[in-house]
Amino acid sequence: MRSSVRFSLLLLAAVVALAGCAGSGDDETIGWSVERLYGEAKDAMASKDWPRAVKYLEKLEARYPYGRYAQQAQIEIAYCHWKDQERASAIAAIDRFIKMYPNHVNADYAWYLKGLINFNDQYGLFSTVTTPDMSDRDPKSTRESFMAFKEVVMRFPDSRYAPDAALRMRYLVNALASYEVHVARYYMKRGAYLAAANRAQYAIQNYQQAPSLEEAVYVLVVAYDKLGMNDLRDAADRVMRTNFPESHYLKGKASILRKDAPWWRLWDPDW
């Protein structure tokens, strides 16, 4: 009985060993130098074969975990995942690099790449901003994109990526402000005036100079008027008159009510 058990164990060990040998034989990269692995990965990237590039880069990082090639491989892995539309994997890879090498010579590019990865994702948010459940949406990726670009501009002002990062920041500020105003209008339409006022106030406080702030102040005035908060309404009115003296909202629609009626009641917006 013991002989039978021993024989079975030896047979199992032999099978495992053979399987291991077979597996090794199937890996074409066995014995490749770090330079060759990186070169093959770059060739795959040039051919836009992102999964193959990631395979070579991951093997490089596993076999040669120290040195500049391994560090660069992490950035390249994030880039390949991004180009392959694997956003979650791309973010995980670039976050790992930033955490491990915060002062790396390519840290500016790492932050810039993180901004780009999240920047791409924001199109889905704002293309559906008027859907019925839009109030539940959180533009997290857009805010993260903004913060990543801000990191480039603030920490690396001389970086080659800083000018483009600054341009994208301005775009994102406008997009985020527009999102908040859209949400505020959504609440106004449903009679949730306090929620509308809060969203408009958030846009005013956080996205100054954005084109949509004029509408945000208008929403704020109307929301406070609906709530009977006259002091806050009048304060918002002063902000409107001071900052947007030529606003079409101030002119109102005189044909709706008496000409001496408050301007915010001369509008009948289709929320």
# chains A, B, ... in the order shown; residues from 1 in each chain; ligands from 1
>>> residues_around(residues="segment 57-60 of chain A", least_positions_apart="4", cutoff="12 Å", atoms="only C-alpha atoms", output="VMD selection string")
chain A and resid 27 to 45 50 to 53 64 to 81 93
>>> residues_around(residues="Ser159 of chain A", least_positions_apart="3", cutoff="7 Å", atoms="only C-alpha atoms", output="PDB file with N, CA and C atoms, in the first residue's frame")
ATOM      1  N   ASP A 108       6.730  64.492 -14.197  1.00  0.00           N
ATOM      2  CA  ASP A 108       5.835  65.446 -14.864  1.00  0.00           C
ATOM      3  C   ASP A 108       4.993  64.748 -15.929  1.00  0.00           C
ATOM      4  N   PHE A 156       5.764  71.529 -11.968  1.00  0.00           N
ATOM      5  CA  PHE A 156       6.724  71.470 -13.075  1.00  0.00           C
ATOM      6  C   PHE A 156       6.418  72.577 -14.090  1.00  0.00           C
ATOM      7  N   ALA A 162       3.566  71.371 -19.502  1.00  0.00           N
ATOM      8  CA  ALA A 162       2.844  72.377 -18.722  1.00  0.00           C
ATOM      9  C   ALA A 162       1.905  73.239 -19.571  1.00  0.00           C
TER      10      ALA A 162
END
>>> residues_around(residues="Tyr112 of chain A", least_positions_apart="6", cutoff="9 Å", atoms="only C-alpha atoms", output="PyMOL selection string")
chain A and resi 145+148-149+151-152+161-162+165
>>> atom_distance(atom1="atom CA of Leu213 of chain A", atom2="atom CA of Phe119 of chain A")
21.9 Å
>>> closest_residue(among="A:Asp234, A:Asp225, A:Asp164, A:Glu214", to="Met188 of chain A", atoms="only C-alpha atoms")
A:Asp225
>>> select_by_dssp(residues="segment 11-258 of chain A", states="helix (DSSP H, G or I)", output="MDAnalysis selection string")
chainID A and resid 11:26 34:46 50:63 68:83 87:100 107:127 134:136 140:155 162:189 193:206 213:227 230:243 248:251
>>> atom_distance(atom1="atom CA of Leu220 of chain A", atom2="atom CA of Ala196 of chain A")
7.5 Å
>>> atom_distance(atom1="atom CA of Met100 of chain A", atom2="atom CA of Glu61 of chain A")
13.8 Å
>>> residues_around(residues="Arg233 of chain A", least_positions_apart="2", cutoff="9 Å", atoms="only C-alpha atoms", output="PDB file with C-alpha atoms, in the first residue's frame")
ATOM      1  CA  LEU A 220     -29.020  81.558  -7.506  1.00  0.00           C
ATOM      2  CA  VAL A 221     -31.147  84.711  -7.590  1.00  0.00           C
ATOM      3  CA  VAL A 222     -34.251  82.886  -8.795  1.00  0.00           C
ATOM      4  CA  ALA A 223     -33.808  79.976  -6.378  1.00  0.00           C
ATOM      5  CA  TYR A 224     -33.476  82.294  -3.380  1.00  0.00           C
ATOM      6  CA  ASP A 225     -36.515  84.244  -4.567  1.00  0.00           C
ATOM      7  CA  GLY A 228     -38.351  83.522   0.112  1.00  0.00           C
ATOM      8  CA  MET A 229     -34.756  84.176   1.169  1.00  0.00           C
ATOM      9  CA  ASN A 230     -34.868  87.827   0.205  1.00  0.00           C
ATOM     10  CA  ASP A 231     -31.592  88.929   1.800  1.00  0.00           C
ATOM     11  CA  ALA A 235     -27.000  89.773  -2.335  1.00  0.00           C
ATOM     12  CA  ALA A 236     -26.939  87.548  -5.414  1.00  0.00           C
ATOM     13  CA  ASP A 237     -28.661  90.323  -7.364  1.00  0.00           C
ATOM     14  CA  ARG A 238     -25.819  92.693  -6.448  1.00  0.00           C
TER      15      ARG A 238
END
>>> residues_around(residues="Ile91 of chain A", least_positions_apart="6", cutoff="10 Å", atoms="only C-alpha atoms", output="list in words")
Ala78, Tyr79, His81, Trp82, Phe97, Leu113, Lys114, Gly115, Ile117 and Asn118 of chain A
>>> residues_around(residues="Ser247 of chain A", least_positions_apart="3", cutoff="12 Å", atoms="only C-alpha atoms", output="PDB file with N, CA, C and O atoms, in the first residue's frame")
ATOM      1  N   PRO A 211     -17.414  80.728 -18.232  1.00  0.00           N
ATOM      2  CA  PRO A 211     -18.501  81.425 -18.935  1.00  0.00           C
ATOM      3  C   PRO A 211     -19.887  81.148 -18.363  1.00  0.00           C
ATOM      4  O   PRO A 211     -20.764  82.019 -18.431  1.00  0.00           O
ATOM      5  N   SER A 212     -20.099  79.974 -17.814  1.00  0.00           N
ATOM      6  CA  SER A 212     -21.434  79.618 -17.336  1.00  0.00           C
ATOM      7  C   SER A 212     -21.765  80.234 -15.974  1.00  0.00           C
ATOM      8  O   SER A 212     -22.871  80.026 -15.449  1.00  0.00           O
ATOM      9  N   LEU A 213     -20.840  81.001 -15.391  1.00  0.00           N
ATOM     10  CA  LEU A 213     -21.114  81.586 -14.074  1.00  0.00           C
ATOM     11  C   LEU A 213     -22.240  82.612 -14.132  1.00  0.00           C
ATOM     12  O   LEU A 213     -22.947  82.815 -13.144  1.00  0.00           O
ATOM     13  N   GLU A 214     -22.405  83.264 -15.269  1.00  0.00           N
ATOM     14  CA  GLU A 214     -23.509  84.216 -15.398  1.00  0.00           C
ATOM     15  C   GLU A 214     -24.841  83.522 -15.148  1.00  0.00           C
ATOM     16  O   GLU A 214     -25.687  84.016 -14.394  1.00  0.00           O
ATOM     17  N   GLU A 215     -25.012  82.356 -15.752  1.00  0.00           N
ATOM     18  CA  GLU A 215     -26.243  81.606 -15.540  1.00  0.00           C
ATOM     19  C   GLU A 215     -26.322  81.073 -14.113  1.00  0.00           C
ATOM     20  O   GLU A 215     -27.403  80.994 -13.533  1.00  0.00           O
ATOM     21  N   VAL A 217     -25.258  82.530 -11.395  1.00  0.00           N
ATOM     22  CA  VAL A 217     -25.741  83.616 -10.532  1.00  0.00           C
ATOM     23  C   VAL A 217     -27.236  83.839 -10.748  1.00  0.00           C
ATOM     24  O   VAL A 217     -27.990  84.063  -9.797  1.00  0.00           O
ATOM     25  N   TYR A 218     -27.672  83.761 -11.988  1.00  0.00           N
ATOM     26  CA  TYR A 218     -29.103  83.903 -12.287  1.00  0.00           C
ATOM     27  C   TYR A 218     -29.913  82.832 -11.560  1.00  0.00           C
ATOM     28  O   TYR A 218     -30.941  83.127 -10.930  1.00  0.00           O
ATOM     29  N   ASP A 237     -28.304  89.303  -6.376  1.00  0.00           N
ATOM     30  CA  ASP A 237     -28.661  90.323  -7.364  1.00  0.00           C
ATOM     31  C   ASP A 237     -27.529  91.336  -7.521  1.00  0.00           C
ATOM     32  O   ASP A 237     -27.176  91.740  -8.634  1.00  0.00           O
ATOM     33  N   VAL A 239     -24.402  90.789  -6.942  1.00  0.00           N
ATOM     34  CA  VAL A 239     -23.315  90.109  -7.638  1.00  0.00           C
ATOM     35  C   VAL A 239     -23.568  90.118  -9.141  1.00  0.00           C
ATOM     36  O   VAL A 239     -22.651  90.371  -9.948  1.00  0.00           O
ATOM     37  N   MET A 240     -24.799  89.854  -9.540  1.00  0.00           N
ATOM     38  CA  MET A 240     -25.151  89.853 -10.958  1.00  0.00           C
ATOM     39  C   MET A 240     -24.924  91.232 -11.577  1.00  0.00           C
ATOM     40  O   MET A 240     -24.314  91.367 -12.640  1.00  0.00           O
ATOM     41  N   ARG A 241     -25.405  92.275 -10.910  1.00  0.00           N
ATOM     42  CA  ARG A 241     -25.292  93.627 -11.463  1.00  0.00           C
ATOM     43  C   ARG A 241     -23.841  94.098 -11.519  1.00  0.00           C
ATOM     44  O   ARG A 241     -23.457  94.831 -12.444  1.00  0.00           O
ATOM     45  N   THR A 242     -23.040  93.672 -10.546  1.00  0.00           N
ATOM     46  CA  THR A 242     -21.641  94.106 -10.496  1.00  0.00           C
ATOM     47  C   THR A 242     -20.787  93.391 -11.534  1.00  0.00           C
ATOM     48  O   THR A 242     -19.960  94.014 -12.209  1.00  0.00           O
ATOM     49  N   ASN A 243     -20.996  92.101 -11.650  1.00  0.00           N
ATOM     50  CA  ASN A 243     -20.119  91.292 -12.494  1.00  0.00           C
ATOM     51  C   ASN A 243     -20.631  91.102 -13.917  1.00  0.00           C
ATOM     52  O   ASN A 243     -19.853  90.844 -14.831  1.00  0.00           O
ATOM     53  N   PHE A 244     -21.949  91.212 -14.095  1.00  0.00           N
ATOM     54  CA  PHE A 244     -22.529  91.004 -15.425  1.00  0.00           C
ATOM     55  C   PHE A 244     -23.512  92.136 -15.748  1.00  0.00           C
ATOM     56  O   PHE A 244     -24.712  91.893 -15.947  1.00  0.00           O
ATOM     57  N   LEU A 250     -30.655  90.577 -16.904  1.00  0.00           N
ATOM     58  CA  LEU A 250     -31.062  91.815 -16.242  1.00  0.00           C
ATOM     59  C   LEU A 250     -32.151  92.533 -17.024  1.00  0.00           C
ATOM     60  O   LEU A 250     -32.956  93.267 -16.462  1.00  0.00           O
ATOM     61  N   LYS A 251     -32.159  92.354 -18.333  1.00  0.00           N
ATOM     62  CA  LYS A 251     -33.159  93.022 -19.169  1.00  0.00           C
ATOM     63  C   LYS A 251     -34.528  92.360 -19.056  1.00  0.00           C
ATOM     64  O   LYS A 251     -35.563  93.002 -19.125  1.00  0.00           O
ATOM     65  N   GLY A 252     -34.526  91.054 -18.861  1.00  0.00           N
ATOM     66  CA  GLY A 252     -35.777  90.340 -18.657  1.00  0.00           C
ATOM     67  C   GLY A 252     -36.702  90.405 -19.857  1.00  0.00           C
ATOM     68  O   GLY A 252     -36.320  90.774 -20.953  1.00  0.00           O
ATOM     69  N   TRP A 263     -36.313  92.113 -12.064  1.00  0.00           N
ATOM     70  CA  TRP A 263     -35.858  91.485 -13.306  1.00  0.00           C
ATOM     71  C   TRP A 263     -35.923  89.969 -13.239  1.00  0.00           C
ATOM     72  O   TRP A 263     -36.168  89.309 -14.240  1.00  0.00           O
ATOM     73  N   TRP A 264     -35.695  89.388 -12.057  1.00  0.00           N
ATOM     74  CA  TRP A 264     -35.677  87.934 -11.976  1.00  0.00           C
ATOM     75  C   TRP A 264     -37.070  87.320 -12.099  1.00  0.00           C
ATOM     76  O   TRP A 264     -37.205  86.120 -12.251  1.00  0.00           O
TER      77      TRP A 264
END
>>> closest_residue(among="A:Arg96, A:Glu246, A:Met147, A:Lys48", to="Arg168 of chain A", atoms="only C-alpha atoms")
A:Met147
